[in-house]
Each structure stands twice: as C-alpha cells, then as structure tokens.
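Data file: input-v3.txt. Format and content: compact mmCIF, C-alpha atoms (C1' of nucleotides).
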```
# COMPACT_ATOMS: atom_id res chain seq x y z
CA MET A 1 86.74 94.41 100.66
CA LEU A 2 85.46 93.33 104.05
CA SER A 3 87.07 90.29 105.65
CA GLN A 4 84.89 87.29 106.43
CA LYS A 5 85.20 88.26 110.07
CA THR A 6 83.71 91.69 109.48
CA LYS A 7 80.93 90.25 107.37
CA TYR A 8 80.13 87.71 110.07
CA ALA A 9 80.17 90.44 112.69
CA LEU A 10 77.66 92.45 110.68
CA LYS A 11 75.43 89.42 110.20
CA ALA A 12 75.59 88.66 113.92
CA LEU A 13 74.67 92.23 114.80
CA LEU A 14 71.80 92.13 112.31
CA TYR A 15 70.57 88.96 113.98
CA LEU A 16 70.72 90.54 117.43
CA ALA A 17 68.99 93.66 116.17
CA GLN A 18 66.06 91.61 114.96
CA GLN A 19 65.37 89.98 118.32
CA GLU A 20 62.78 91.46 120.63
CA ALA A 21 63.90 93.81 123.39
CA ASN A 22 65.82 92.22 126.30
CA HIS A 23 66.14 88.94 124.47
CA ILE A 24 69.43 87.12 124.96
CA SER A 25 70.74 85.11 122.02
CA LYS A 26 72.94 82.03 122.25
CA THR A 27 76.00 81.79 120.02
CA THR A 28 74.64 78.53 118.61
CA ASP A 29 71.42 80.18 117.47
CA ILE A 30 73.21 83.08 115.81
CA ALA A 31 75.65 80.71 114.14
CA GLU A 32 72.92 78.51 112.72
CA SER A 33 70.68 81.33 111.62
CA ALA A 34 73.43 83.37 109.98
CA ASN A 35 75.43 80.42 108.67
CA ILE A 36 78.63 81.24 110.55
CA PRO A 37 81.10 78.64 111.91
CA LYS A 38 80.28 78.55 115.61
CA LYS A 39 83.79 78.54 117.05
CA PHE A 40 84.76 81.44 114.81
CA LEU A 41 81.65 83.33 115.83
CA GLU A 42 82.57 82.92 119.50
CA GLN A 43 85.71 84.95 118.93
CA ILE A 44 83.88 87.54 116.89
CA LEU A 45 81.30 88.05 119.60
CA LEU A 46 84.07 88.48 122.13
CA ASP A 47 85.61 91.13 119.89
CA LEU A 48 82.25 92.87 119.62
CA LYS A 49 82.03 92.75 123.38
CA ARG A 50 85.48 94.28 123.80
CA GLY A 51 84.32 96.94 121.35
CA HIS A 52 81.35 97.65 123.64
CA LEU A 53 78.83 96.95 120.89
CA VAL A 54 77.31 93.92 122.56
CA GLY A 55 76.92 92.74 126.13
CA SER A 56 76.94 89.20 127.40
CA LYS A 57 75.50 87.10 130.19
CA GLN A 58 77.52 84.10 131.30
CA GLY A 59 76.46 80.66 132.46
CA LYS A 60 73.38 78.66 131.62
CA LEU A 61 70.76 80.83 129.89
CA GLY A 62 73.62 83.14 128.95
CA GLY A 63 74.27 84.74 125.60
CA TYR A 64 74.64 88.03 123.81
CA TYR A 65 72.56 91.14 123.26
CA LEU A 66 73.04 94.59 121.71
CA LEU A 67 74.55 97.07 124.08
CA LYS A 68 74.19 100.11 121.87
CA SER A 69 71.08 101.15 120.02
CA LYS A 70 70.62 99.82 116.49
CA ASP A 71 70.91 103.27 115.01
CA GLU A 72 74.07 104.13 116.89
CA ILE A 73 76.08 101.26 115.43
CA THR A 74 77.46 102.30 112.05
CA LEU A 75 79.30 100.40 109.35
CA ALA A 76 82.27 102.64 110.04
CA ASP A 77 82.43 101.43 113.67
CA ILE A 78 82.44 97.80 112.68
CA HIS A 79 84.93 98.28 109.88
CA ARG A 80 87.32 99.99 112.25
CA LEU A 81 86.89 97.34 114.92
CA PHE A 82 87.69 94.41 112.65
CA ASP A 83 89.37 95.62 109.47
CA GLY A 84 90.95 98.76 110.87
CA ALA A 85 91.45 101.99 108.97
CA ILE A 86 88.87 103.27 106.54
CA ALA A 87 91.46 105.35 104.70
CA LEU A 88 93.28 103.75 101.78
CA LEU A 89 96.72 104.36 103.29
CA PRO A 90 97.73 104.56 106.95
CA CYS A 91 99.15 108.07 106.41
CA ALA A 92 95.65 109.28 105.45
CA SER A 93 93.91 107.66 108.42
CA LEU A 94 92.26 109.47 111.31
CA ASN A 95 92.14 106.58 113.77
CA PHE A 96 95.00 104.40 112.54
CA TYR A 97 97.59 106.93 111.46
CA GLU A 98 101.06 105.64 110.61
CA ARG A 99 103.81 106.95 108.40
CA CYS A 100 104.36 105.05 105.15
CA SER A 101 107.60 103.10 105.38
CA ASP A 102 108.68 104.11 101.88
CA CYS A 103 107.78 107.77 102.26
CA THR A 104 110.69 110.17 102.55
CA ASP A 105 108.75 113.38 103.14
CA GLU A 106 105.07 113.17 103.95
CA SER A 107 104.44 116.84 103.28
CA GLU A 108 105.67 116.32 99.73
CA CYS A 109 103.44 113.28 99.10
CA LEU A 110 101.12 113.80 96.16
CA LEU A 111 98.97 110.84 97.13
CA ARG A 112 98.07 111.73 100.68
CA HIS A 113 95.85 114.70 100.00
CA GLY A 114 93.67 112.87 97.49
CA LEU A 115 93.39 109.86 99.73
CA MET A 116 92.20 112.03 102.58
CA THR A 117 89.42 113.32 100.33
CA ILE A 118 88.38 109.74 99.57
CA ARG A 119 88.54 108.91 103.26
CA ASP A 120 86.23 111.78 104.17
CA GLU A 121 83.67 110.76 101.59
CA THR A 122 83.83 107.05 102.34
CA LEU A 123 83.66 107.68 106.07
CA LYS A 124 80.61 109.86 105.66
CA ALA A 125 78.92 107.18 103.58
CA MET A 126 79.80 104.44 106.07
CA GLN A 127 78.55 106.47 108.99
CA GLY A 128 75.26 106.78 107.16
CA ILE A 129 74.75 103.02 107.19
CA THR A 130 73.61 101.75 110.58
CA ILE A 131 72.42 98.37 111.79
CA ALA A 132 68.95 99.92 111.99
CA SER A 133 69.07 101.19 108.41
CA LEU A 134 70.17 97.75 107.21
CA VAL A 135 67.38 95.97 109.08
CA ASN A 136 64.85 98.42 107.68
CA LYS A 137 66.49 97.72 104.33
CA MET B 1 93.45 99.75 102.52
CA LEU B 2 95.54 99.75 99.38
CA SER B 3 98.16 97.03 98.99
CA GLN B 4 101.79 98.07 98.64
CA LYS B 5 101.51 97.08 95.02
CA THR B 6 98.69 99.52 94.37
CA LYS B 7 100.49 102.28 96.21
CA TYR B 8 103.65 101.65 94.20
CA ALA B 9 101.61 101.64 90.99
CA LEU B 10 100.15 105.03 91.88
CA LYS B 11 103.56 106.44 92.71
CA ALA B 12 104.96 105.13 89.44
CA LEU B 13 102.11 106.70 87.48
CA LEU B 14 102.62 109.97 89.30
CA TYR B 15 106.28 109.86 88.34
CA LEU B 16 105.46 109.24 84.69
CA ALA B 17 102.85 111.99 84.73
CA GLN B 18 105.46 114.48 85.86
CA GLN B 19 107.86 113.84 82.99
CA GLU B 20 107.77 116.02 79.92
CA ALA B 21 105.77 114.87 76.90
CA ASN B 22 107.21 111.92 74.96
CA HIS B 23 109.80 111.24 77.62
CA ILE B 24 110.54 107.58 78.26
CA SER B 25 111.39 106.61 81.84
CA LYS B 26 113.61 103.70 82.85
CA THR B 27 112.41 101.37 85.59
CA THR B 28 115.58 102.15 87.53
CA ASP B 29 114.85 105.87 87.57
CA ILE B 30 111.26 105.39 88.70
CA ALA B 31 112.35 102.92 91.38
CA GLU B 32 114.98 105.25 92.79
CA SER B 33 112.86 108.36 92.65
CA ALA B 34 109.76 106.78 94.17
CA ASN B 35 111.63 104.48 96.57
CA ILE B 36 110.21 101.23 95.22
CA PRO B 37 112.11 97.89 95.09
CA LYS B 38 113.18 97.67 91.47
CA LYS B 39 112.36 94.03 90.78
CA PHE B 40 108.93 94.47 92.30
CA LEU B 41 108.35 97.59 90.23
CA GLU B 42 109.18 95.68 87.06
CA GLN B 43 106.18 93.44 87.64
CA ILE B 44 103.95 96.34 88.52
CA LEU B 45 104.85 98.19 85.33
CA LEU B 46 104.07 95.07 83.33
CA ASP B 47 100.67 94.91 85.05
CA LEU B 48 100.08 98.56 84.20
CA LYS B 49 101.01 97.76 80.64
CA ARG B 50 98.58 94.84 80.47
CA GLY B 51 95.99 97.25 81.86
CA HIS B 52 96.73 99.60 78.94
CA LEU B 53 97.62 102.48 81.25
CA VAL B 54 101.26 102.66 80.21
CA GLY B 55 103.17 101.78 77.07
CA SER B 56 106.74 100.55 76.81
CA LYS B 57 109.67 100.60 74.46
CA GLN B 58 112.07 97.69 74.59
CA GLY B 59 115.80 97.47 74.24
CA LYS B 60 118.47 100.04 75.03
CA LEU B 61 116.94 103.48 75.56
CA GLY B 62 113.70 101.66 76.35
CA GLY B 63 111.35 102.33 79.21
CA TYR B 64 107.82 103.30 80.09
CA TYR B 65 105.47 106.19 79.38
CA LEU B 66 101.82 107.03 80.01
CA LEU B 67 99.51 105.64 77.38
CA LYS B 68 96.36 107.35 78.58
CA SER B 69 95.99 110.98 79.46
CA LYS B 70 96.67 112.00 83.06
CA ASP B 71 93.08 113.01 83.61
CA GLU B 72 91.66 109.80 82.20
CA ILE B 73 93.40 107.56 84.74
CA THR B 74 91.32 107.43 87.91
CA LEU B 75 91.97 105.95 91.32
CA ALA B 76 89.08 103.59 90.65
CA ASP B 77 90.87 102.17 87.59
CA ILE B 78 94.05 101.48 89.48
CA HIS B 79 92.25 100.02 92.48
CA ARG B 80 90.38 97.62 90.24
CA LEU B 81 93.50 96.63 88.33
CA PHE B 82 95.53 95.71 91.42
CA ASP B 83 93.24 95.32 94.43
CA GLY B 84 90.10 94.30 92.57
CA ALA B 85 86.56 95.17 93.61
CA ILE B 86 85.71 98.55 95.07
CA ALA B 87 82.59 97.18 96.77
CA LEU B 88 82.94 95.83 100.30
CA LEU B 89 81.55 92.41 99.39
CA PRO B 90 81.76 90.55 96.07
CA CYS B 91 77.96 90.30 95.94
CA ALA B 92 77.77 94.11 95.83
CA SER B 93 80.39 94.53 93.12
CA LEU B 94 79.80 95.76 89.59
CA ASN B 95 83.00 94.47 88.01
CA PHE B 96 83.88 91.57 90.30
CA TYR B 97 80.50 90.12 91.16
CA GLU B 98 80.42 86.77 92.99
CA ARG B 99 77.89 85.15 95.28
CA CYS B 100 78.86 85.02 98.95
CA SER B 101 79.70 81.43 99.91
CA ASP B 102 77.74 81.63 103.16
CA CYS B 103 74.71 83.32 101.67
CA THR B 104 71.60 81.18 101.33
CA ASP B 105 69.36 83.67 99.54
CA GLU B 106 70.88 86.81 98.10
CA SER B 107 67.53 88.52 97.64
CA GLU B 108 66.94 88.20 101.39
CA CYS B 109 70.34 89.63 102.32
CA LEU B 110 70.03 92.71 104.50
CA LEU B 111 73.65 93.66 103.94
CA ARG B 112 73.81 93.78 100.18
CA HIS B 113 71.61 96.81 99.60
CA GLY B 114 73.53 99.01 102.03
CA LEU B 115 76.84 97.88 100.64
CA MET B 116 75.74 98.81 97.14
CA THR B 117 75.00 102.31 98.38
CA ILE B 118 78.51 102.54 99.84
CA ARG B 119 79.94 101.18 96.62
CA ASP B 120 78.20 103.85 94.55
CA GLU B 121 79.45 106.65 96.76
CA THR B 122 82.99 105.32 97.05
CA LEU B 123 83.19 104.66 93.34
CA LYS B 124 82.05 108.17 92.55
CA ALA B 125 84.67 109.60 94.90
CA MET B 126 87.41 107.39 93.46
CA GLN B 127 86.50 108.32 89.91
CA GLY B 128 86.91 111.94 90.92
CA ILE B 129 90.56 111.42 91.79
CA THR B 130 92.78 111.26 88.70
CA ILE B 131 96.52 111.17 88.25
CA ALA B 132 96.22 114.75 86.98
CA SER B 133 94.30 115.90 90.04
CA LEU B 134 96.91 114.32 92.31
CA VAL B 135 99.79 115.95 90.48
CA ASN B 136 98.06 119.33 90.60
CA LYS B 137 97.35 118.82 94.29
C1' DC C 1 127.96 91.81 64.32
C1' DT C 2 129.04 92.34 68.97
C1' DT C 3 128.27 94.79 73.11
C1' DT C 4 125.30 97.05 76.17
C1' DA C 5 121.27 98.15 78.48
C1' DA C 6 116.81 97.97 78.66
C1' DT C 7 112.11 95.19 78.96
C1' DT C 8 109.86 90.63 79.43
C1' DC C 9 108.85 86.10 81.23
C1' DT C 10 108.62 82.25 84.49
C1' DA C 11 109.32 80.44 88.68
C1' DC C 12 110.19 80.53 93.33
C1' DT C 13 110.18 81.91 98.38
C1' DA C 14 109.47 84.07 102.74
C1' DT C 15 106.34 86.50 105.57
C1' DT C 16 102.04 87.91 107.09
C1' DT C 17 97.18 87.72 107.35
C1' DT C 18 93.07 85.31 107.30
C1' DT C 19 90.11 81.79 108.66
C1' DA C 20 89.31 79.02 111.30
C1' DT C 21 89.68 74.73 115.14
C1' DA C 22 90.61 72.52 119.83
C1' DG C 23 90.18 72.10 124.39
C1' DA C 24 90.27 73.57 129.04
C1' DA C 25 88.55 77.02 132.45
C1' DT C 26 84.95 79.72 134.28
C1' DT C 27 80.33 81.15 135.23
C1' DT C 28 75.52 80.66 136.57
C1' DA C 29 70.63 78.71 136.58
C1' DT C 30 68.28 74.81 138.23
C1' DA D 1 76.12 68.57 141.67
C1' DT D 2 74.86 69.06 136.86
C1' DA D 3 74.14 71.22 132.60
C1' DA D 4 74.82 74.67 129.41
C1' DA D 5 76.48 78.69 128.38
C1' DT D 6 80.61 82.18 127.87
C1' DT D 7 85.67 82.94 128.13
C1' DC D 8 90.54 82.15 127.41
C1' DT D 9 94.78 80.45 125.22
C1' DA D 10 96.99 78.06 121.90
C1' DT D 11 97.45 76.03 117.54
C1' DA D 12 97.12 75.18 112.51
C1' DA D 13 95.94 75.23 107.66
C1' DA D 14 95.28 78.04 103.69
C1' DA D 15 95.55 82.15 101.10
C1' DA D 16 97.35 86.53 100.00
C1' DT D 17 101.10 89.74 99.99
C1' DA D 18 105.60 91.31 99.07
C1' DG D 19 109.50 90.55 97.07
C1' DT D 20 113.63 87.89 94.68
C1' DA D 21 116.26 85.31 90.98
C1' DG D 22 117.68 84.50 86.72
C1' DA D 23 117.28 83.65 81.97
C1' DA D 24 115.27 85.26 77.49
C1' DT D 25 114.28 88.86 74.36
C1' DT D 26 114.69 93.28 72.18
C1' DA D 27 116.93 97.16 70.09
C1' DA D 28 120.44 101.06 69.91
C1' DA D 29 125.12 102.11 68.82
C1' DG D 30 129.81 101.56 67.81
```
Can you present the structure in this file as structure tokens?
Amino acid sequence: MLSQKTKYALKALLYLAQQEANHISKTTDIAESANIPKKFLEQILLDLKRGHLVGSKQGKLGGYYLLKSKDEITLADIHRLFDGAIALLPCASLNFYERCSDCTDESECLLRHGLMTIRDETLKAMQGITIASLVNK
Amino acid sequence: MLSQKTKYALKALLYLAQQEANHISKTTDIAESANIPKKFLEQILLDLKRGHLVGSKQGKLGGYYLLKSKDEITLADIHRLFDGAIALLPCASLNFYERCSDCTDESECLLRHGLMTIRDETLKAMQGITIASLVNK
DNA sequence: CTTTAATTCTACTATTTTTATAGAATTTAT
DNA sequence: ATAAATTCTATAAAAATAGTAGAATTAAAG
C-alpha cells in the first residue's frame, strides 16, 4: 500500500499537471484543492523538489510547478522517491538492494527469484502509469 | 515491501513444502532451519492455520503440515493474509476496500482508475507465484 | 497416571515508522 | 519596509511492526 505521503504527492502532482503552462501554484491552493494538511504538504513538495520532479520560486508570488513533463513522471518514480523499493524484499530490489538480515546464503534463497519476477512485472506496470495518463484518466 | 512476518510465513511454508508427504514439522525445526525467532514463528504458524493454509497436530509428536497443495498456495494469498490489500490504495482494493479519508468524491478521483490497473497486473503476477513454483525454482 | 514435549492462548513491550505540527529563517515582489 | 511565499530544523503523537513471556491445553509413551 502507498503511504499517505505518497498519495498526497501524487495528488499534488496531478494538481500541478492540470494547471496551464507556466502557472505557479501556491502550497495553500494545492492543499485546499487536494485536501492535504498544508504543513505536511510543504514537506512533500520539498521532497518532490529534491527529487527534481517539481521546481519552485521563492518569495511573494512564489510557488511550485512541474519540472518534468507530465508523461515523464511515472508512478514508479514517485513510489521510489517516497516509499522506496518496488520489490517485495530488499534483496530483490534494483534501486534499494540490501541483503536480508536473516538470510544465510542468498544464492540458495528460494524466495528471491520469484520476487524478482514480481518486481519486473510490477515495475513495468508502474512505469506505464504516468501523471499524464492519470489526468487523461 | 513485505513485512518480516510475511517473509517468515513464506519461508515456513517453503520449509513445509519440502518435507516428504505426511511429515509433521515441529516449530523448533522450522525456526532453526529458516532462521526465524521461534516465539514469533509460533504466532505466524497459528495465523497460517487460521488462514487454512496449514494444519496442526497437538501434543507430543505434534507439529504443522501443509493443508493445501503446494501449487494452490499463491503469493497473493499469503500477502493478503499477513500484509492485507494488494492494491496500492484501499479504494482500489478488491478484498480490502475502504474509502480514502481525504477523498471528497471517489468517482472524480484521477488516481483510482490507474491504481486499479496496477492492482490487476500485480495480482495476476502474484497469483502466478506459488509455493510449488518457488520450490521448483 | 505421571512425565514430557508439543501446540495454543493472552497479554505485554520495545522499537520504528508514519503522520503530522510548530516556529523561526530566508527570499522576493511591490 | 512590508507582505507573502518557500525553506529549514526540531518536535511530538499515534500507529504499526517485531518480538517476548508465561501459563494453559493437548496427547504420546512409559
């Protein structure tokens, strides 16, 4: 399941994607429109900025805007940015690989291979969902 | 990601699946072989029992055994039993449906449709992985 | 019928993660 | 200078996760 944070991030990106080109959106407007606690959204937008998905303008008349094109931002990107690995175990992850603490010999693990199959299929599906595809429902 | 509990459950089922027919396995043996804290495993095996995936025999010479056939137990079953919904949001779930607390009008939600697509694909992939397929890796 | 060794049941606890909130500092248009 | 926005750092409450403790129950075997 997605965390609230990831869901809010998606809703914020959807909001930004629906604004006209070059429009800059204030946190307050996004928060109200998407029903997200404002202070929480501030942090999320900063995370999205650090992830190079949105840009910001500071000061009065400041706000946020999409940095990447709607159809270049995939569900996989956002999941990885906020909830981390797409794989079901760290040992089956491409971007967040880690050995399992309780695993004595990874090459002998019966689980890993199957979980990598799931990862490949899930990843492919998640890369097929973009902000643009969601907006165009 | 799978919780430790789900991972341990899978490892326990894999252990049981590798025993010869009609063999009854003690919790202690499973715990040692699969490197799972014994007391934690006890609870997990009880959950698997309540989920009708394993059966048990009490008393001395007691233990656990697979109740369903290896190829009838899928990753989807185990995920649902321990980690719940396979969908990324409760509103997109088949078995664990719930409205999102912050959602004003579900029919207007741009996210839901895409997440149901992901759910269908992930579910299909997870139903393709069985205890038997993992053992026969 | 007592001992032994297993499951079963209930409760508890520590840690980590999640979901925020608070407030000061900084930036920039007017 | 003022106003209104982002940015930064710290804190806190609540929920979920991971695991422990110990007593009760069951059943085999001498």
Exercise: segment 14-28 of chain C partners within 6 Å, only C-alpha atoms (C1' of nucleotides), chain neighbours under 6 positions left out, as a ChimeraX atom specification: /A:58-60
Contact set, chain A to chain C: 12 Å, all atoms listed in the file, as a PyMOL selection string: chain A and resi 2-6+8+36-44+56-63+82-83
Write a file of the selected residues as an mmCIF file, in the frame of the given file, keeping C-alpha atoms.
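Okay, this is what ended up in selection38.cif:
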```
data_model
loop_
_atom_site.group_PDB
_atom_site.id
_atom_site.type_symbol
_atom_site.label_atom_id
_atom_site.label_comp_id
_atom_site.auth_asym_id
_atom_site.auth_seq_id
_atom_site.Cartn_x
_atom_site.Cartn_y
_atom_site.Cartn_z
ATOM 1 C CA LEU A 2 85.460 93.330 104.050
ATOM 2 C CA SER A 3 87.070 90.290 105.650
ATOM 3 C CA GLN A 4 84.890 87.290 106.430
ATOM 4 C CA LYS A 5 85.200 88.260 110.070
ATOM 5 C CA THR A 6 83.710 91.690 109.480
ATOM 6 C CA TYR A 8 80.130 87.710 110.070
ATOM 7 C CA ILE A 36 78.630 81.240 110.550
ATOM 8 C CA PRO A 37 81.100 78.640 111.910
ATOM 9 C CA LYS A 38 80.280 78.550 115.610
ATOM 10 C CA LYS A 39 83.790 78.540 117.050
ATOM 11 C CA PHE A 40 84.760 81.440 114.810
ATOM 12 C CA LEU A 41 81.650 83.330 115.830
ATOM 13 C CA GLU A 42 82.570 82.920 119.500
ATOM 14 C CA GLN A 43 85.710 84.950 118.930
ATOM 15 C CA ILE A 44 83.880 87.540 116.890
ATOM 16 C CA SER A 56 76.940 89.200 127.400
ATOM 17 C CA LYS A 57 75.500 87.100 130.190
ATOM 18 C CA GLN A 58 77.520 84.100 131.300
ATOM 19 C CA GLY A 59 76.460 80.660 132.460
ATOM 20 C CA LYS A 60 73.380 78.660 131.620
ATOM 21 C CA LEU A 61 70.760 80.830 129.890
ATOM 22 C CA GLY A 62 73.620 83.140 128.950
ATOM 23 C CA GLY A 63 74.270 84.740 125.600
ATOM 24 C CA PHE A 82 87.690 94.410 112.650
ATOM 25 C CA ASP A 83 89.370 95.620 109.470
#
```
Output chain B as a short mmCIF file (atom, residue, chain, number, x, y, z; two decimals) with C-alpha atoms, keeping the file's coordinate frame, after least-squares fitting it to chain A on all in-order C-alpha pairs.
```
data_model
loop_
_atom_site.label_atom_id
_atom_site.label_comp_id
_atom_site.auth_asym_id
_atom_site.auth_seq_id
_atom_site.Cartn_x
_atom_site.Cartn_y
_atom_site.Cartn_z
CA MET B 1 86.76 94.44 100.73
CA LEU B 2 85.49 93.33 104.11
CA SER B 3 87.12 90.30 105.71
CA GLN B 4 84.93 87.29 106.48
CA LYS B 5 85.24 88.26 110.10
CA THR B 6 83.74 91.69 109.52
CA LYS B 7 80.97 90.25 107.41
CA TYR B 8 80.16 87.69 110.10
CA ALA B 9 80.20 90.43 112.73
CA LEU B 10 77.68 92.43 110.71
CA LYS B 11 75.46 89.42 110.22
CA ALA B 12 75.60 88.65 113.93
CA LEU B 13 74.66 92.22 114.81
CA LEU B 14 71.82 92.12 112.33
CA TYR B 15 70.57 88.95 113.99
CA LEU B 16 70.71 90.52 117.43
CA ALA B 17 68.99 93.65 116.16
CA GLN B 18 66.06 91.58 114.95
CA GLN B 19 65.35 89.95 118.30
CA GLU B 20 62.76 91.42 120.61
CA ALA B 21 63.88 93.78 123.37
CA ASN B 22 65.78 92.19 126.26
CA HIS B 23 66.11 88.90 124.44
CA ILE B 24 69.40 87.09 124.94
CA SER B 25 70.72 85.09 121.99
CA LYS B 26 72.91 82.00 122.24
CA THR B 27 75.99 81.78 120.03
CA THR B 28 74.63 78.52 118.61
CA ASP B 29 71.42 80.16 117.45
CA ILE B 30 73.22 83.07 115.80
CA ALA B 31 75.68 80.70 114.14
CA GLU B 32 72.96 78.49 112.71
CA SER B 33 70.72 81.30 111.61
CA ALA B 34 73.46 83.36 109.98
CA ASN B 35 75.46 80.39 108.69
CA ILE B 36 78.67 81.22 110.54
CA PRO B 37 81.15 78.62 111.91
CA LYS B 38 80.31 78.53 115.60
CA LYS B 39 83.82 78.53 117.05
CA PHE B 40 84.79 81.42 114.82
CA LEU B 41 81.68 83.32 115.84
CA GLU B 42 82.58 82.90 119.50
CA GLN B 43 85.72 84.94 118.95
CA ILE B 44 83.90 87.53 116.92
CA LEU B 45 81.28 88.03 119.62
CA LEU B 46 84.04 88.47 122.18
CA ASP B 47 85.60 91.13 119.92
CA LEU B 48 82.23 92.86 119.65
CA LYS B 49 81.99 92.73 123.41
CA ARG B 50 85.44 94.27 123.86
CA GLY B 51 84.29 96.93 121.40
CA HIS B 52 81.31 97.64 123.68
CA LEU B 53 78.80 96.95 120.92
CA VAL B 54 77.28 93.89 122.57
CA GLY B 55 76.89 92.73 126.14
CA SER B 56 76.85 89.17 127.42
CA LYS B 57 75.42 87.09 130.20
CA GLN B 58 77.39 84.06 131.32
CA GLY B 59 76.35 80.64 132.44
CA LYS B 60 73.27 78.62 131.54
CA LEU B 61 70.66 80.80 129.84
CA GLY B 62 73.53 83.12 128.93
CA GLY B 63 74.20 84.71 125.59
CA TYR B 64 74.59 88.01 123.81
CA TYR B 65 72.51 91.13 123.25
CA LEU B 66 73.01 94.57 121.72
CA LEU B 67 74.52 97.05 124.11
CA LYS B 68 74.16 100.10 121.91
CA SER B 69 71.08 101.16 120.05
CA LYS B 70 70.61 99.83 116.51
CA ASP B 71 70.92 103.28 115.02
CA GLU B 72 74.08 104.14 116.92
CA ILE B 73 76.09 101.26 115.45
CA THR B 74 77.49 102.31 112.08
CA LEU B 75 79.31 100.41 109.38
CA ALA B 76 82.29 102.66 110.07
CA ASP B 77 82.45 101.44 113.68
CA ILE B 78 82.45 97.81 112.71
CA HIS B 79 84.95 98.30 109.90
CA ARG B 80 87.34 100.00 112.28
CA LEU B 81 86.91 97.36 114.96
CA PHE B 82 87.71 94.41 112.69
CA ASP B 83 89.38 95.63 109.49
CA GLY B 84 90.96 98.77 110.90
CA ALA B 85 91.48 102.01 108.99
CA ILE B 86 88.89 103.29 106.56
CA ALA B 87 91.48 105.37 104.70
CA LEU B 88 93.30 103.76 101.79
CA LEU B 89 96.74 104.40 103.27
CA PRO B 90 97.76 104.60 106.94
CA CYS B 91 99.17 108.10 106.38
CA ALA B 92 95.68 109.30 105.44
CA SER B 93 93.93 107.70 108.41
CA LEU B 94 92.30 109.51 111.30
CA ASN B 95 92.18 106.62 113.76
CA PHE B 96 95.03 104.44 112.54
CA TYR B 97 97.61 106.97 111.44
CA GLU B 98 101.10 105.68 110.58
CA ARG B 99 103.85 106.99 108.35
CA CYS B 100 104.37 105.08 105.11
CA SER B 101 107.63 103.11 105.31
CA ASP B 102 108.69 104.11 101.80
CA CYS B 103 107.79 107.76 102.17
CA THR B 104 110.70 110.18 102.44
CA ASP B 105 108.75 113.38 103.03
CA GLU B 106 105.07 113.18 103.86
CA SER B 107 104.46 116.86 103.19
CA GLU B 108 105.67 116.32 99.61
CA CYS B 109 103.44 113.29 99.03
CA LEU B 110 101.10 113.80 96.10
CA LEU B 111 98.96 110.84 97.09
CA ARG B 112 98.08 111.72 100.64
CA HIS B 113 95.85 114.71 99.96
CA GLY B 114 93.66 112.86 97.46
CA LEU B 115 93.40 109.86 99.72
CA MET B 116 92.21 112.06 102.57
CA THR B 117 89.43 113.33 100.33
CA ILE B 118 88.39 109.74 99.58
CA ARG B 119 88.57 108.92 103.26
CA ASP B 120 86.25 111.78 104.17
CA GLU B 121 83.68 110.76 101.59
CA THR B 122 83.85 107.05 102.37
CA LEU B 123 83.68 107.68 106.08
CA LYS B 124 80.63 109.87 105.68
CA ALA B 125 78.93 107.18 103.60
CA MET B 126 79.83 104.45 106.08
CA GLN B 127 78.57 106.48 109.01
CA GLY B 128 75.27 106.78 107.18
CA ILE B 129 74.77 103.02 107.22
CA THR B 130 73.62 101.75 110.62
CA ILE B 131 72.43 98.37 111.80
CA ALA B 132 68.96 99.92 112.00
CA SER B 133 69.09 101.19 108.43
CA LEU B 134 70.17 97.75 107.21
CA VAL B 135 67.39 95.99 109.08
CA ASN B 136 64.82 98.45 107.74
CA LYS B 137 66.23 97.99 104.25
#
```
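We find atom CA of Leu67 of chain B and atom CA of Arg80 of chain B to be spaced 17.7 Å apart.
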List as a Markdown table every residue of chain B that is in contact with chain A, defined as an atom at most 10 Å from one of its atoms (using only C-alpha atoms), together with the nearest atom pair and the distance in Å rounded to one decimal, sorted by chain and then rising number.
```
| residue | atom | partner | partner_atom | distance |
| --- | --- | --- | --- | --- |
| B:Met1 | CA | A:Leu88 | CA | 4.1 |
| B:Leu2 | CA | A:Leu88 | CA | 5.2 |
| B:Ser3 | CA | A:Leu89 | CA | 8.6 |
| B:Gln4 | CA | A:Leu89 | CA | 9.3 |
| B:Lys7 | CA | A:Leu89 | CA | 8.3 |
| B:Tyr8 | CA | A:Asp102 | CA | 9.5 |
| B:Leu10 | CA | A:Leu111 | CA | 7.9 |
| B:Lys11 | CA | A:Leu111 | CA | 7.7 |
| B:Leu14 | CA | A:Leu110 | CA | 8.0 |
| B:Ala34 | CA | A:Asp102 | CA | 8.2 |
| B:Asn35 | CA | A:Asp102 | CA | 6.1 |
| B:Ile36 | CA | A:Asp102 | CA | 7.4 |
| B:Pro37 | CA | A:Asp102 | CA | 9.8 |
| B:Leu75 | CA | A:Leu115 | CA | 9.4 |
| B:Asp83 | CA | A:Met1 | CA | 9.0 |
| B:Gly84 | CA | A:Met1 | CA | 8.8 |
| B:Ala85 | CA | A:Met1 | CA | 7.1 |
| B:Ile86 | CA | A:Met1 | CA | 7.0 |
| B:Ala87 | CA | A:Met1 | CA | 6.3 |
| B:Leu88 | CA | A:Met1 | CA | 4.1 |
| B:Leu89 | CA | A:Met1 | CA | 5.7 |
| B:Pro90 | CA | A:Met1 | CA | 7.8 |
| B:Ser93 | CA | A:Met1 | CA | 9.9 |
| B:Cys100 | CA | A:Gln4 | CA | 9.9 |
| B:Ser101 | CA | A:Asn35 | CA | 9.8 |
| B:Asp102 | CA | A:Asn35 | CA | 6.1 |
| B:Cys103 | CA | A:Asn35 | CA | 7.6 |
| B:Thr104 | CA | A:Asn35 | CA | 8.3 |
| B:Glu108 | CA | A:Lys137 | CA | 10.0 |
| B:Cys109 | CA | A:Lys137 | CA | 9.2 |
| B:Leu110 | CA | A:Leu134 | CA | 5.7 |
| B:Leu111 | CA | A:Leu134 | CA | 6.3 |
| B:Arg112 | CA | A:Leu134 | CA | 8.9 |
| B:His113 | CA | A:Lys137 | CA | 7.0 |
| B:Gly114 | CA | A:Leu134 | CA | 6.3 |
| B:Leu115 | CA | A:Ile129 | CA | 8.6 |
| B:Thr117 | CA | A:Ala125 | CA | 8.1 |
| B:Ile118 | CA | A:Ala125 | CA | 6.0 |
| B:Arg119 | CA | A:Thr122 | CA | 9.1 |
| B:Asp120 | CA | A:Ala125 | CA | 9.7 |
| B:Glu121 | CA | A:Ala125 | CA | 6.9 |
| B:Thr122 | CA | A:Thr122 | CA | 5.6 |
| B:Leu123 | CA | A:Thr122 | CA | 9.3 |
| B:Lys124 | CA | A:Glu121 | CA | 9.5 |
| B:Ala125 | CA | A:Ile118 | CA | 6.0 |
| B:Met126 | CA | A:Ile118 | CA | 6.6 |
| B:Gln127 | CA | A:Ile118 | CA | 9.9 |
| B:Gly128 | CA | A:Ile118 | CA | 9.0 |
| B:Ile129 | CA | A:Gly114 | CA | 6.7 |
| B:Thr130 | CA | A:Gly114 | CA | 9.0 |
| B:Ile131 | CA | A:Leu111 | CA | 9.2 |
| B:Ser133 | CA | A:Gly114 | CA | 8.1 |
| B:Leu134 | CA | A:Leu110 | CA | 5.7 |
| B:Val135 | CA | A:Leu110 | CA | 6.2 |
| B:Asn136 | CA | A:Leu110 | CA | 8.4 |
| B:Lys137 | CA | A:Leu110 | CA | 6.6 |
```
